$ cat data_1.cif   # mmCIF, C-alpha atoms (C1' of nucleotides)
data_entry
#
loop_
_atom_site.label_atom_id
_atom_site.label_comp_id
_atom_site.auth_asym_id
_atom_site.auth_seq_id
_atom_site.Cartn_x
_atom_site.Cartn_y
_atom_site.Cartn_z
CA MET C 1 12.01 0.10 -31.22
CA SER C 2 15.21 0.06 -29.20
CA LYS C 3 16.04 -2.57 -26.64
CA GLY C 4 15.41 -0.15 -23.82
CA GLU C 5 11.99 0.79 -25.06
CA GLN C 6 10.91 -2.77 -25.41
CA THR C 7 11.94 -3.86 -21.94
CA ARG C 8 10.34 -0.72 -20.61
CA ASP C 9 7.12 -1.69 -22.32
CA ALA C 10 7.40 -5.21 -20.98
CA ILE C 11 7.83 -3.82 -17.47
CA LEU C 12 4.81 -1.58 -17.89
CA ASP C 13 2.77 -4.54 -19.06
CA ILE C 14 3.57 -6.42 -15.90
CA ALA C 15 3.11 -3.37 -13.72
CA LEU C 16 -0.24 -2.57 -15.30
CA ALA C 17 -1.55 -6.04 -14.63
CA LYS C 18 -0.28 -5.95 -11.09
CA ALA C 19 -1.60 -2.47 -10.40
CA SER C 20 -5.07 -3.45 -11.54
CA GLN C 21 -5.02 -6.13 -8.87
CA VAL C 22 -3.24 -4.64 -5.89
CA GLY C 23 -3.36 -0.94 -6.69
CA LEU C 24 -0.75 1.54 -7.81
CA GLY C 25 0.47 2.19 -4.30
CA ALA C 26 1.19 -1.44 -3.62
CA LEU C 27 3.47 -1.77 -6.60
CA SER C 28 6.96 -2.64 -5.44
CA ILE C 29 10.05 -2.24 -7.55
CA GLY C 30 11.71 -5.30 -6.08
CA GLU C 31 8.74 -7.49 -6.76
CA LEU C 32 8.27 -6.15 -10.27
CA ALA C 33 11.92 -6.84 -10.97
CA LYS C 34 11.46 -10.41 -9.84
CA GLU C 35 8.48 -10.89 -12.13
CA ALA C 36 10.25 -9.24 -15.01
CA GLY C 37 13.29 -11.43 -14.46
CA MET C 38 15.69 -8.58 -14.02
CA SER C 39 17.52 -6.72 -11.28
CA LYS C 40 15.93 -4.12 -9.09
CA SER C 41 18.39 -1.45 -10.15
CA GLY C 42 18.03 -2.36 -13.80
CA LEU C 43 14.31 -1.87 -13.62
CA PHE C 44 14.58 1.26 -11.54
CA ALA C 45 16.84 2.89 -14.11
CA HIS C 46 13.95 3.01 -16.55
CA PHE C 47 11.84 5.23 -14.36
CA ASP C 48 14.07 7.18 -11.98
CA SER C 49 11.51 7.08 -9.19
CA LYS C 50 8.60 5.03 -8.02
CA GLU C 51 6.12 7.84 -8.45
CA ASN C 52 7.22 8.24 -12.02
CA LEU C 53 6.81 4.53 -12.57
CA GLN C 54 3.25 4.77 -11.27
CA LEU C 55 2.61 7.72 -13.51
CA GLU C 56 3.94 5.87 -16.54
CA VAL C 57 1.74 2.92 -15.72
CA MET C 58 -1.29 5.19 -15.74
CA LYS C 59 -0.18 6.90 -18.92
CA SER C 60 0.25 3.59 -20.68
CA ALA C 61 -3.16 2.51 -19.44
CA ALA C 62 -4.66 5.74 -20.75
CA GLN C 63 -3.07 5.19 -24.14
CA ARG C 64 -4.34 1.66 -24.22
CA PHE C 65 -7.78 2.93 -23.32
CA ILE C 66 -7.80 5.31 -26.24
CA ASP C 67 -6.55 2.64 -28.63
CA GLN C 68 -9.01 0.00 -27.52
CA ILE C 69 -12.13 1.97 -26.69
CA VAL C 70 -12.22 5.40 -28.24
CA THR C 71 -10.45 5.02 -31.57
CA PRO C 72 -12.30 1.87 -32.69
CA ALA C 73 -15.62 3.41 -31.69
CA LEU C 74 -14.96 6.36 -33.99
CA ARG C 75 -15.26 3.92 -36.86
CA ALA C 76 -18.85 3.21 -35.87
CA PRO C 77 -21.56 5.35 -37.49
CA ARG C 78 -22.24 8.68 -35.81
CA GLY C 79 -24.99 8.82 -33.23
CA GLU C 80 -26.45 5.95 -31.27
CA PRO C 81 -24.30 3.23 -32.88
CA ARG C 82 -21.17 5.03 -31.80
CA VAL C 83 -22.49 5.48 -28.28
CA ARG C 84 -23.22 1.76 -28.16
CA ALA C 85 -19.75 0.98 -29.46
CA LEU C 86 -18.15 3.11 -26.77
CA PHE C 87 -20.11 1.31 -24.10
CA GLU C 88 -19.41 -2.12 -25.55
CA ASN C 89 -15.70 -1.48 -25.91
CA TRP C 90 -15.62 -0.23 -22.34
CA PHE C 91 -16.91 -3.58 -21.20
CA GLN C 92 -14.28 -5.42 -23.15
CA TRP C 93 -11.66 -3.18 -21.59
CA ALA C 94 -12.71 -4.13 -18.09
CA LYS C 95 -12.48 -7.79 -19.02
CA ASP C 96 -9.19 -7.47 -20.88
CA SER C 97 -6.68 -10.08 -19.81
CA LYS C 98 -4.13 -7.32 -19.51
CA LEU C 99 -6.17 -6.06 -16.59
CA PRO C 100 -6.81 -9.10 -14.41
CA GLY C 101 -7.89 -6.84 -11.59
CA GLY C 102 -10.41 -4.91 -13.64
CA CYS C 103 -10.32 -1.30 -14.73
CA LEU C 104 -7.23 0.40 -13.38
CA PHE C 105 -8.85 3.82 -13.36
CA ILE C 106 -11.67 2.74 -11.10
CA ALA C 107 -9.21 1.15 -8.70
CA ALA C 108 -7.02 4.23 -8.83
CA ALA C 109 -9.99 6.53 -8.27
CA THR C 110 -10.66 5.38 -4.73
CA GLU C 111 -6.98 5.02 -4.03
CA LEU C 112 -5.99 8.49 -5.14
CA ASP C 113 -9.03 10.59 -4.34
CA ASP C 114 -7.43 11.89 -1.16
CA GLN C 115 -3.82 11.96 -2.28
CA PRO C 116 -2.92 15.14 -4.12
CA GLY C 117 -0.10 15.04 -6.60
CA PRO C 118 0.69 14.34 -10.23
CA LEU C 119 -0.85 10.89 -10.10
CA ARG C 120 -4.19 12.20 -9.00
CA ASP C 121 -4.01 15.10 -11.43
CA PHE C 122 -3.44 12.80 -14.36
CA LEU C 123 -6.24 10.51 -13.32
CA VAL C 124 -8.68 13.39 -12.95
CA GLY C 125 -7.71 14.67 -16.37
CA SER C 126 -8.26 11.27 -17.95
CA GLN C 127 -11.63 10.88 -16.31
CA ARG C 128 -12.75 14.31 -17.43
CA ASP C 129 -11.66 13.53 -20.98
CA TRP C 130 -13.52 10.28 -20.97
CA LEU C 131 -16.72 11.78 -19.65
CA ALA C 132 -16.45 14.53 -22.24
CA THR C 133 -15.86 11.99 -25.00
CA PHE C 134 -18.97 10.10 -24.06
CA ALA C 135 -20.99 13.27 -23.75
CA GLN C 136 -19.78 14.38 -27.16
CA ALA C 137 -20.83 11.09 -28.72
CA ALA C 138 -24.25 11.56 -27.14
CA LYS C 139 -24.45 15.10 -28.47
CA ILE C 140 -23.87 13.79 -31.96
CA GLY C 141 -26.70 11.39 -31.27
CA VAL C 142 -28.91 14.38 -30.58
CA ASP C 143 -27.75 16.14 -33.73
CA GLU C 144 -28.49 13.03 -35.73
CA LYS C 145 -31.95 12.99 -34.16
CA HIS C 146 -31.37 9.58 -32.65
CA PHE C 147 -31.84 11.11 -29.22
CA ARG C 148 -34.25 13.62 -27.79
CA SER C 149 -33.36 17.21 -28.54
CA ASP C 150 -33.60 18.15 -24.86
CA LEU C 151 -31.30 15.35 -23.71
CA ASP C 152 -28.77 16.49 -21.13
CA VAL C 153 -25.69 14.83 -22.55
CA GLU C 154 -23.53 15.48 -19.50
CA MET C 155 -26.10 13.79 -17.31
CA PHE C 156 -26.29 11.02 -19.87
CA SER C 157 -22.59 10.33 -19.64
CA ARG C 158 -22.69 10.42 -15.85
CA ARG C 159 -25.48 7.89 -15.87
CA VAL C 160 -23.55 5.56 -18.11
CA TYR C 161 -20.60 5.94 -15.81
CA SER C 162 -22.80 5.09 -12.89
CA ILE C 163 -23.93 1.90 -14.61
CA PHE C 164 -20.35 0.94 -15.23
CA LEU C 165 -19.25 1.63 -11.66
CA ALA C 166 -22.02 -0.56 -10.36
CA TYR C 167 -21.13 -3.32 -12.79
CA HIS C 168 -17.53 -3.20 -11.68
CA HIS C 169 -18.50 -3.29 -8.02
CA PHE C 170 -21.02 -6.09 -8.21
CA ALA C 171 -19.10 -8.24 -10.63
CA ARG C 172 -15.67 -7.93 -9.10
CA LEU C 173 -16.38 -7.75 -5.40
CA LEU C 174 -19.64 -9.60 -5.03
CA HIS C 175 -19.06 -11.95 -7.97
CA MET C 176 -22.59 -11.46 -9.22
CA SER C 177 -22.72 -13.48 -12.40
CA ASP C 178 -25.58 -11.44 -13.82
CA ALA C 179 -23.86 -8.10 -13.24
CA GLU C 180 -22.96 -7.70 -16.88
CA ALA C 181 -26.43 -8.57 -18.11
CA GLN C 182 -27.88 -6.15 -15.56
CA ALA C 183 -25.58 -3.39 -16.72
CA ARG C 184 -26.48 -4.00 -20.34
CA ALA C 185 -30.16 -3.88 -19.46
CA GLU C 186 -29.70 -0.61 -17.60
CA PHE C 187 -27.84 0.84 -20.54
CA ASP C 188 -30.54 -0.25 -22.97
CA SER C 189 -33.15 1.30 -20.77
CA LEU C 190 -31.19 4.51 -20.60
CA LEU C 191 -30.93 4.55 -24.38
CA ALA C 192 -34.64 3.91 -24.71
CA GLN C 193 -35.57 6.87 -22.59
CA SER C 194 -33.08 9.04 -24.44
CA ARG C 195 -34.37 8.34 -27.92
CA ALA C 196 -36.35 10.87 -29.87
CA MET W 1 -14.96 0.36 29.99
CA SER W 2 -11.42 -0.72 30.90
CA LYS W 3 -8.35 1.28 30.05
CA GLY W 4 -7.36 -1.26 27.42
CA GLU W 5 -10.69 -1.11 25.67
CA GLN W 6 -10.69 2.64 25.52
CA THR W 7 -7.24 2.99 24.04
CA ARG W 8 -8.14 0.24 21.62
CA ASP W 9 -11.16 2.24 20.55
CA ALA W 10 -9.07 5.37 20.24
CA ILE W 11 -6.62 3.52 18.02
CA LEU W 12 -9.43 2.21 15.85
CA ASP W 13 -10.79 5.73 15.50
CA ILE W 14 -7.49 6.95 14.16
CA ALA W 15 -7.01 3.89 12.00
CA LEU W 16 -10.49 4.19 10.54
CA ALA W 17 -9.93 7.79 9.54
CA LYS W 18 -6.58 6.94 8.04
CA ALA W 19 -7.86 3.88 6.21
CA SER W 20 -10.63 5.89 4.60
CA GLN W 21 -7.96 8.12 3.12
CA VAL W 22 -5.06 5.86 2.20
CA GLY W 23 -6.71 2.45 2.23
CA LEU W 24 -6.50 -0.49 4.59
CA GLY W 25 -3.36 -1.84 3.01
CA ALA W 26 -1.44 1.37 3.50
CA LEU W 27 -2.06 1.42 7.23
CA SER W 28 1.23 1.17 9.08
CA ILE W 29 1.56 0.22 12.69
CA GLY W 30 4.48 2.53 13.27
CA GLU W 31 2.69 5.52 11.83
CA LEU W 32 -0.50 4.77 13.73
CA ALA W 33 1.48 4.53 16.94
CA LYS W 34 2.98 7.92 16.26
CA GLU W 35 -0.44 9.46 15.69
CA ALA W 36 -1.85 7.77 18.75
CA GLY W 37 1.06 8.98 20.85
CA MET W 38 2.14 5.55 21.94
CA SER W 39 4.80 2.98 21.21
CA LYS W 40 4.68 0.65 18.25
CA SER W 41 4.78 -2.44 20.44
CA GLY W 42 2.15 -1.03 22.77
CA LEU W 43 -0.22 -0.53 19.90
CA PHE W 44 0.63 -3.84 18.30
CA ALA W 45 -0.25 -5.70 21.50
CA HIS W 46 -3.88 -4.77 21.02
CA PHE W 47 -4.22 -6.58 17.73
CA ASP W 48 -1.58 -9.32 17.50
CA SER W 49 -1.18 -8.87 13.77
CA LYS W 50 -1.64 -6.29 11.09
CA GLU W 51 -4.26 -8.27 9.26
CA ASN W 52 -6.26 -8.50 12.45
CA LEU W 53 -5.93 -4.77 12.95
CA GLN W 54 -7.31 -4.23 9.46
CA LEU W 55 -10.14 -6.61 10.18
CA GLU W 56 -10.98 -4.84 13.43
CA VAL W 57 -11.00 -1.53 11.61
CA MET W 58 -13.55 -2.89 9.18
CA LYS W 59 -15.59 -4.45 11.95
CA SER W 60 -15.71 -1.20 13.85
CA ALA W 61 -16.71 0.59 10.66
CA ALA W 62 -19.47 -1.95 10.10
CA GLN W 63 -20.74 -1.45 13.63
CA ARG W 64 -20.67 2.28 13.18
CA PHE W 65 -22.55 1.87 9.93
CA ILE W 66 -25.30 -0.05 11.64
CA ASP W 67 -25.51 2.44 14.48
CA GLN W 68 -25.58 5.49 12.28
CA ILE W 69 -27.51 4.35 9.23
CA VAL W 70 -29.59 1.27 9.82
CA THR W 71 -30.75 1.56 13.41
CA PRO W 72 -31.90 5.20 13.21
CA ALA W 73 -33.72 4.47 9.95
CA LEU W 74 -35.73 1.76 11.66
CA ARG W 75 -37.33 4.50 13.71
CA ALA W 76 -38.73 6.03 10.52
CA PRO W 77 -42.20 4.86 9.44
CA ARG W 78 -42.28 1.68 7.42
CA GLY W 79 -42.25 1.95 3.65
CA GLU W 80 -41.02 4.86 1.59
CA PRO W 81 -40.08 7.09 4.56
CA ARG W 82 -37.76 4.40 5.87
CA VAL W 83 -36.19 3.91 2.45
CA ARG W 84 -35.61 7.65 2.27
CA ALA W 85 -34.11 7.64 5.75
CA LEU W 86 -31.70 4.86 4.81
CA PHE W 87 -30.57 6.80 1.78
CA GLU W 88 -30.27 10.07 3.67
CA ASN W 89 -28.30 8.52 6.51
CA TRP W 90 -26.03 6.87 4.00
CA PHE W 91 -25.14 10.28 2.66
CA GLN W 92 -24.35 11.57 6.11
CA TRP W 93 -22.16 8.55 6.67
CA ALA W 94 -20.06 9.32 3.63
CA LYS W 95 -19.62 12.89 4.86
CA ASP W 96 -18.95 11.93 8.47
CA SER W 97 -15.86 13.62 9.84
CA LYS W 98 -14.75 10.27 11.16
CA LEU W 99 -14.28 9.28 7.55
CA PRO W 100 -12.32 12.10 5.95
CA GLY W 101 -11.57 9.87 2.98
CA GLY W 102 -15.17 8.94 2.33
CA CYS W 103 -16.86 5.59 2.73
CA LEU W 104 -14.37 2.98 3.83
CA PHE W 105 -16.29 0.13 2.25
CA ILE W 106 -16.18 1.66 -1.19
CA ALA W 107 -12.47 2.24 -0.88
CA ALA W 108 -11.97 -1.27 0.43
CA ALA W 109 -14.08 -2.74 -2.36
CA THR W 110 -11.64 -1.89 -5.13
CA GLU W 111 -8.69 -2.61 -2.91
CA LEU W 112 -9.78 -6.06 -1.83
CA ASP W 113 -11.70 -7.36 -4.82
CA ASP W 114 -8.74 -9.39 -5.98
CA GLN W 115 -7.25 -10.30 -2.63
CA PRO W 116 -8.86 -13.36 -1.08
CA GLY W 117 -8.82 -13.71 2.67
CA PRO W 118 -10.75 -12.82 5.79
CA LEU W 119 -10.72 -9.12 4.98
CA ARG W 120 -12.41 -9.63 1.67
CA ASP W 121 -14.81 -12.16 3.13
CA PHE W 122 -15.94 -9.78 5.80
CA LEU W 123 -16.38 -6.95 3.34
CA VAL W 124 -18.43 -9.10 0.99
CA GLY W 125 -20.63 -10.18 3.87
CA SER W 126 -21.20 -6.60 4.95
CA GLN W 127 -22.07 -5.53 1.45
CA ARG W 128 -24.51 -8.38 1.00
CA ASP W 129 -26.16 -7.50 4.30
CA TRP W 130 -26.47 -3.90 3.35
CA LEU W 131 -27.97 -4.64 -0.05
CA ALA W 132 -30.39 -7.03 1.60
CA THR W 133 -31.32 -4.45 4.21
CA PHE W 134 -32.12 -1.92 1.55
CA ALA W 135 -34.06 -4.47 -0.48
CA GLN W 136 -36.02 -5.45 2.60
CA ALA W 137 -36.94 -1.84 3.30
CA ALA W 138 -38.12 -1.57 -0.30
CA LYS W 139 -40.13 -4.75 0.07
CA ILE W 140 -41.95 -3.25 3.03
CA GLY W 141 -42.63 -0.28 0.80
CA VAL W 142 -44.33 -2.66 -1.62
CA ASP W 143 -46.33 -4.26 1.18
CA GLU W 144 -47.43 -0.86 2.38
CA LYS W 145 -48.50 -0.10 -1.18
CA HIS W 146 -46.15 2.84 -1.42
CA PHE W 147 -44.38 1.11 -4.28
CA ARG W 148 -45.58 -0.83 -7.29
CA SER W 149 -46.48 -4.40 -6.51
CA ASP W 150 -44.25 -5.66 -9.32
CA LEU W 151 -41.21 -3.72 -8.15
CA ASP W 152 -38.02 -5.79 -8.25
CA VAL W 153 -36.63 -4.86 -4.86
CA GLU W 154 -33.22 -6.40 -5.47
CA MET W 155 -32.85 -4.37 -8.62
CA PHE W 156 -34.09 -1.36 -6.71
CA SER W 157 -31.35 -1.71 -4.11
CA ARG W 158 -28.71 -2.22 -6.78
CA ARG W 159 -29.85 0.95 -8.49
CA VAL W 160 -29.60 2.92 -5.29
CA TYR W 161 -26.15 1.51 -4.78
CA SER W 162 -25.25 2.57 -8.26
CA ILE W 163 -26.36 6.12 -7.53
CA PHE W 164 -24.25 6.17 -4.42
CA LEU W 165 -21.17 4.80 -6.14
CA ALA W 166 -21.42 7.49 -8.77
CA TYR W 167 -21.87 10.18 -6.15
CA HIS W 168 -18.79 8.97 -4.34
CA HIS W 169 -16.76 8.89 -7.51
CA PHE W 170 -17.77 12.26 -8.88
CA ALA W 171 -17.70 14.09 -5.59
CA ARG W 172 -14.49 12.69 -4.21
CA LEU W 173 -12.33 12.28 -7.26
CA LEU W 174 -13.65 14.89 -9.65
CA HIS W 175 -14.78 17.31 -6.95
CA MET W 176 -18.06 17.93 -8.69
CA SER W 177 -19.92 20.27 -6.38
CA ASP W 178 -23.30 19.24 -7.69
CA ALA W 179 -22.67 15.53 -7.25
CA GLU W 180 -24.82 15.32 -4.17
CA ALA W 181 -27.70 17.21 -5.72
CA GLN W 182 -27.43 15.00 -8.79
CA ALA W 183 -27.52 11.89 -6.66
CA ARG W 184 -30.55 13.11 -4.75
CA ALA W 185 -32.31 13.89 -8.02
CA GLU W 186 -31.55 10.42 -9.36
CA PHE W 187 -32.85 8.88 -6.18
CA ASP W 188 -36.04 10.91 -6.31
CA SER W 189 -36.55 9.88 -9.90
CA LEU W 190 -36.01 6.25 -8.96
CA LEU W 191 -38.57 6.59 -6.19
CA ALA W 192 -41.02 8.22 -8.57
CA GLN W 193 -40.89 5.38 -11.04
CA SER W 194 -41.21 2.85 -8.22
CA ARG W 195 -44.34 4.27 -6.68
CA ALA W 196 -47.71 2.62 -7.02
"C1'" DG P 1 35.47 -4.43 -36.64
"C1'" DA P 2 36.31 -0.56 -33.41
"C1'" DT P 3 34.23 2.83 -30.48
"C1'" DT P 4 30.81 5.03 -28.27
"C1'" DT P 5 26.48 4.79 -26.06
"C1'" DA P 6 22.70 2.43 -23.90
"C1'" DT P 7 21.32 -0.93 -20.80
"C1'" DA P 8 21.58 -4.01 -16.99
"C1'" DC P 9 23.75 -5.75 -12.81
"C1'" DG P 10 25.41 -6.18 -7.93
"C1'" DA P 11 26.33 -4.30 -3.75
"C1'" DA P 12 25.24 -1.13 -0.33
"C1'" DC P 13 22.63 2.77 1.82
"C1'" DG P 14 19.40 4.38 5.57
"C1'" DA P 15 14.67 3.89 6.55
"C1'" DT P 16 10.71 1.48 7.61
"C1'" DC P 17 8.06 -2.61 7.66
"C1'" DG P 18 5.59 -6.34 10.86
"C1'" DT P 19 6.62 -9.09 14.66
"C1'" DA P 20 8.83 -11.26 18.94
"C1'" DC P 21 10.57 -10.91 23.17
"C1'" DT P 22 11.43 -8.92 27.95
"C1'" DA P 23 10.98 -5.17 31.17
"C1'" DT P 24 8.47 -1.53 33.30
"C1'" DT P 25 4.63 0.99 34.45
"C1'" DT P 26 -0.32 1.53 35.34
"C1'" DT P 27 -4.67 -0.15 36.60
"C1'" DG P 28 -8.29 -2.50 39.16
"C1'" DC P 29 -9.44 -5.17 43.11
"C1'" DT P 30 -9.37 -6.68 48.01
"C1'" DA R 1 -1.85 -0.18 51.01
"C1'" DG R 2 -0.56 -4.10 48.71
"C1'" DC R 3 -0.79 -7.40 45.04
"C1'" DA R 4 -1.97 -9.63 40.75
"C1'" DA R 5 -3.19 -8.54 36.25
"C1'" DA R 6 -3.38 -5.69 32.42
"C1'" DA R 7 -1.33 -2.38 29.61
"C1'" DT R 8 2.49 0.01 27.68
"C1'" DA R 9 7.32 0.73 26.63
"C1'" DG R 10 11.78 -0.72 25.03
"C1'" DT R 11 14.80 -3.21 22.22
"C1'" DA R 12 15.97 -6.09 18.71
"C1'" DC R 13 15.11 -9.17 14.65
"C1'" DG R 14 15.12 -10.23 9.65
"C1'" DA R 15 12.93 -8.57 5.58
"C1'" DT R 16 11.88 -5.30 2.32
"C1'" DC R 17 11.37 -0.63 0.93
"C1'" DG R 18 13.14 3.15 -2.66
"C1'" DT R 19 17.37 4.91 -4.12
"C1'" DT R 20 22.45 5.63 -5.33
"C1'" DC R 21 26.72 4.35 -7.26
"C1'" DG R 22 30.36 2.07 -9.75
"C1'" DT R 23 31.02 -1.47 -13.00
"C1'" DA R 24 30.28 -4.72 -16.55
"C1'" DT R 25 28.02 -6.14 -20.70
"C1'" DA R 26 25.21 -5.54 -24.54
"C1'" DA R 27 23.68 -2.80 -28.44
"C1'" DA R 28 24.04 0.76 -31.82
"C1'" DT R 29 26.90 3.78 -34.65
"C1'" DC R 30 30.66 4.73 -37.40
#
$ encode --input "data_1.cif" --output "structure tokens"
Amino acid sequence: MSKGEQTRDAILDIALAKASQVGLGALSIGELAKEAGMSKSGLFAHFDSKENLQLEVMKSAAQRFIDQIVTPALRAPRGEPRVRALFENWFQWAKDSKLPGGCLFIAAATELDDQPGPLRDFLVGSQRDWLATFAQAAKIGVDEKHFRSDLDVEMFSRRVYSIFLAYHHFARLLHMSDAEAQARAEFDSLLAQSRA
Amino acid sequence: MSKGEQTRDAILDIALAKASQVGLGALSIGELAKEAGMSKSGLFAHFDSKENLQLEVMKSAAQRFIDQIVTPALRAPRGEPRVRALFENWFQWAKDSKLPGGCLFIAAATELDDQPGPLRDFLVGSQRDWLATFAQAAKIGVDEKHFRSDLDVEMFSRRVYSIFLAYHHFARLLHMSDAEAQARAEFDSLLAQSRA
DNA sequence: GATTTATACGAACGATCGTACTATTTTGCT
DNA sequence: AGCAAAATAGTACGATCGTTCGTATAAATC
């Protein structure tokens, strides 16, 4: 890895952490440069524009997401175990120290939902992929006869998403200490009513 | 109502709409002044600081919320009808033309969850109140024997919140046209399993 | 080790930010 | 109508914004 690539990655690390806390829009090149210990222009040169920097932050987050959630879960046995692994890894993601402000995508969702452009487009694409991934894992669960044959897997994945959104909201904003346990209970109950 | 109060209200109207779209942090006094057709300093004089402006925006949203959701629902019969009214009014709130960017509190939640201060404090208080209001309405439903006597009303209100968060996410970001119908179905199903 | 290329810096740009003052206009009251 | 108070405008401030440019230094290639 060249010098440029590695400082670029270091910048994205810092920017990702910051964006999870203050949002993508509140990222400032000057401030990032200060935190990265380099000049504003030196940092800027890596991205050519602020919007592109934001986009790269989201792309790196998406890659991280795949590496930490999806790929490891594919090593779990097909069916319910894999669905559980996806859910479990998702939790770890939201608590990752690289994301001190919680899941970047959830923060970006409310920030970008009314702002058309490449940022929003990328986010929407990622979210669709993720929902589809979860639905696909559930479908395998049906094929493996772990789940009911009439299970609506799209609805299933939306419900899991709903559980996660609530967890994020209650834990991060309201500091409910039992939010995680609640979410796990909801997920278990969803699994129970999905089983064959 | 004095001249000052009415321009102040007009400003807050504009600011509320804007904040629902771009977030509280992205509000700019200069831009608001332009939209309100007045000078930057003239507008500023009404609020003394930007943070106070943001706070007043949230306070006016909270007041609106009470007027449009809570108070009207209290006119519905105690028990399940009132719970339904709260939920229904909540939907209308999120689709109110005064909030082109959707529910301000949901947008503010992810924006402020890592930024301590009076803004966050007020938001947390509002959210707690709202959850408690919903739980209280559910409790009356238990008393009226509409709902199971062993219903956990706090969990009930969290579940409703979860449904609403998902609706907001899927409808606003992913533009799922059936998000509202899905949410209503989930709510109905929650009611069904809560009934005596 | 020399040369080319990549990377970072420093200074400056115009624009906009939030805020502070002073002046001018408008409003409400007697 | 006249007067005090309230409301708005105007101007200016230092700071920071994203971006551009020319230059220096470091790294990679030969």
$ resolve_selection --input "data_1.cif" --expression "the PyMOL selection byres ((chain W) within 7 of (chain R))" --output "PyMOL selection string"
chain W and resi 4+39+42
$ atom_distance --input "data_1.cif" --atom1 "CA of Ser126 (chain C)" --atom2 "CA of Ser2 (chain C)"
28.3 Å
$ resolve_selection --input "data_1.cif" --expression "the PyMOL selection byres ((chain W) within 10 of (chain P))" --output "list in words"
Ser2, Lys3, Gly4, Ser28, Ile29, Gly30, Glu31, Ser41, Phe44, Asp48, Ser49 and Lys50 of chain W
$ interface_residues --input "data_1.cif" --of "chain C" --to "chain W" --cutoff "8 Å" --atoms "all atoms listed in the file" --output "compact mmCIF listing (two decimals) with C-alpha atoms, keeping the file's coordinate frame"
# COMPACT_ATOMS: atom_id res chain seq x y z
CA GLN C 21 -5.02 -6.13 -8.87
CA VAL C 22 -3.24 -4.64 -5.89
CA GLY C 23 -3.36 -0.94 -6.69
CA GLY C 101 -7.89 -6.84 -11.59
CA ILE C 106 -11.67 2.74 -11.10
CA ALA C 107 -9.21 1.15 -8.70
CA ALA C 109 -9.99 6.53 -8.27
CA THR C 110 -10.66 5.38 -4.73
CA GLU C 111 -6.98 5.02 -4.03
CA LEU C 112 -5.99 8.49 -5.14
CA ASP C 113 -9.03 10.59 -4.34
CA ASP C 114 -7.43 11.89 -1.16
CA GLN C 115 -3.82 11.96 -2.28
CA VAL C 124 -8.68 13.39 -12.95
CA ARG C 128 -12.75 14.31 -17.43
CA ARG C 158 -22.69 10.42 -15.85
CA TYR C 161 -20.60 5.94 -15.81
CA SER C 162 -22.80 5.09 -12.89
CA ILE C 163 -23.93 1.90 -14.61
CA LEU C 165 -19.25 1.63 -11.66
CA ALA C 166 -22.02 -0.56 -10.36
CA HIS C 169 -18.50 -3.29 -8.02
CA ARG C 172 -15.67 -7.93 -9.10
CA LEU C 173 -16.38 -7.75 -5.40
CA LEU C 174 -19.64 -9.60 -5.03
$ atom_distance --input "data_1.cif" --atom1 "CA of Gly117 (chain W)" --atom2 "CA of Glu51 (chain W)"
9.7 Å
$ atom_distance --input "data_1.cif" --atom1 "CA of Ile14 (chain W)" --atom2 "CA of Arg64 (chain W)"
14.0 Å
$ residues_around --input "data_1.cif" --residues "Asp152 (chain W)" --least-positions-apart "2" --cutoff "10 Å" --atoms "all atoms listed in the file" --output "list in words"
Ala135, Ala138, Lys139, Val142, Arg148, Ser149, Asp150, Glu154, Met155, Phe156, Ser157 and Ser194 of chain W
$ write_last_selection --input "data_1.cif" --atoms "C-alpha atoms" --output "compact mmCIF listing (two decimals), keeping the file's coordinate frame"
# COMPACT_ATOMS: atom_id res chain seq x y z
CA ALA W 135 -34.06 -4.47 -0.48
CA ALA W 138 -38.12 -1.57 -0.30
CA LYS W 139 -40.13 -4.75 0.07
CA VAL W 142 -44.33 -2.66 -1.62
CA ARG W 148 -45.58 -0.83 -7.29
CA SER W 149 -46.48 -4.40 -6.51
CA ASP W 150 -44.25 -5.66 -9.32
CA GLU W 154 -33.22 -6.40 -5.47
CA MET W 155 -32.85 -4.37 -8.62
CA PHE W 156 -34.09 -1.36 -6.71
CA SER W 157 -31.35 -1.71 -4.11
CA SER W 194 -41.21 2.85 -8.22
$ residues_around --input "data_1.cif" --residues "region 54-61 of chain W" --least-positions-apart "4" --cutoff "6 Å" --atoms "only C-alpha atoms (C1' of nucleotides)" --output "ChimeraX atom specification"
/W:12,16,119
$ resolve_selection --input "data_1.cif" --expression "the PyMOL selection byres ((chain W and resi 82) around 12)" --output "PyMOL selection string"
chain W and resi 69-81+83-89+133-141+144+146
$ axis_aligned_box --input "data_1.cif" --around "region 26-30 of chain R" --padding-each-side "3 Å" --output "lines of an AutoDock Vina configuration file"
center_x = 27.2
center_y = -0.4
center_z = -31.0
size_x = 13.0
size_y = 16.3
size_z = 18.9
$ decode --input "data_1.cif" --residues "region 6-17 of chain R" --atoms "C-alpha atoms (C1' of nucleotides)" --output "PDB file, in the first residue's frame"
ATOM      1  C1'  DA R   6     -40.480  47.679  20.227  1.00  0.00           C
ATOM      2  C1'  DA R   7     -38.986  45.915  16.014  1.00  0.00           C
ATOM      3  C1'  DT R   8     -36.199  45.896  11.992  1.00  0.00           C
ATOM      4  C1'  DA R   9     -32.349  47.315   9.141  1.00  0.00           C
ATOM      5  C1'  DG R  10     -27.567  48.331   8.311  1.00  0.00           C
ATOM      6  C1'  DT R  11     -22.829  47.697   8.872  1.00  0.00           C
ATOM      7  C1'  DA R  12     -18.960  45.584  10.479  1.00  0.00           C
ATOM      8  C1'  DC R  13     -16.269  42.002  13.057  1.00  0.00           C
ATOM      9  C1'  DG R  14     -13.335  37.830  13.339  1.00  0.00           C
ATOM     10  C1'  DA R  15     -13.702  33.057  12.246  1.00  0.00           C
ATOM     11  C1'  DT R  16     -14.300  29.369   9.339  1.00  0.00           C
ATOM     12  C1'  DC R  17     -16.026  27.402   5.194  1.00  0.00           C
TER      13       DC R  17
END
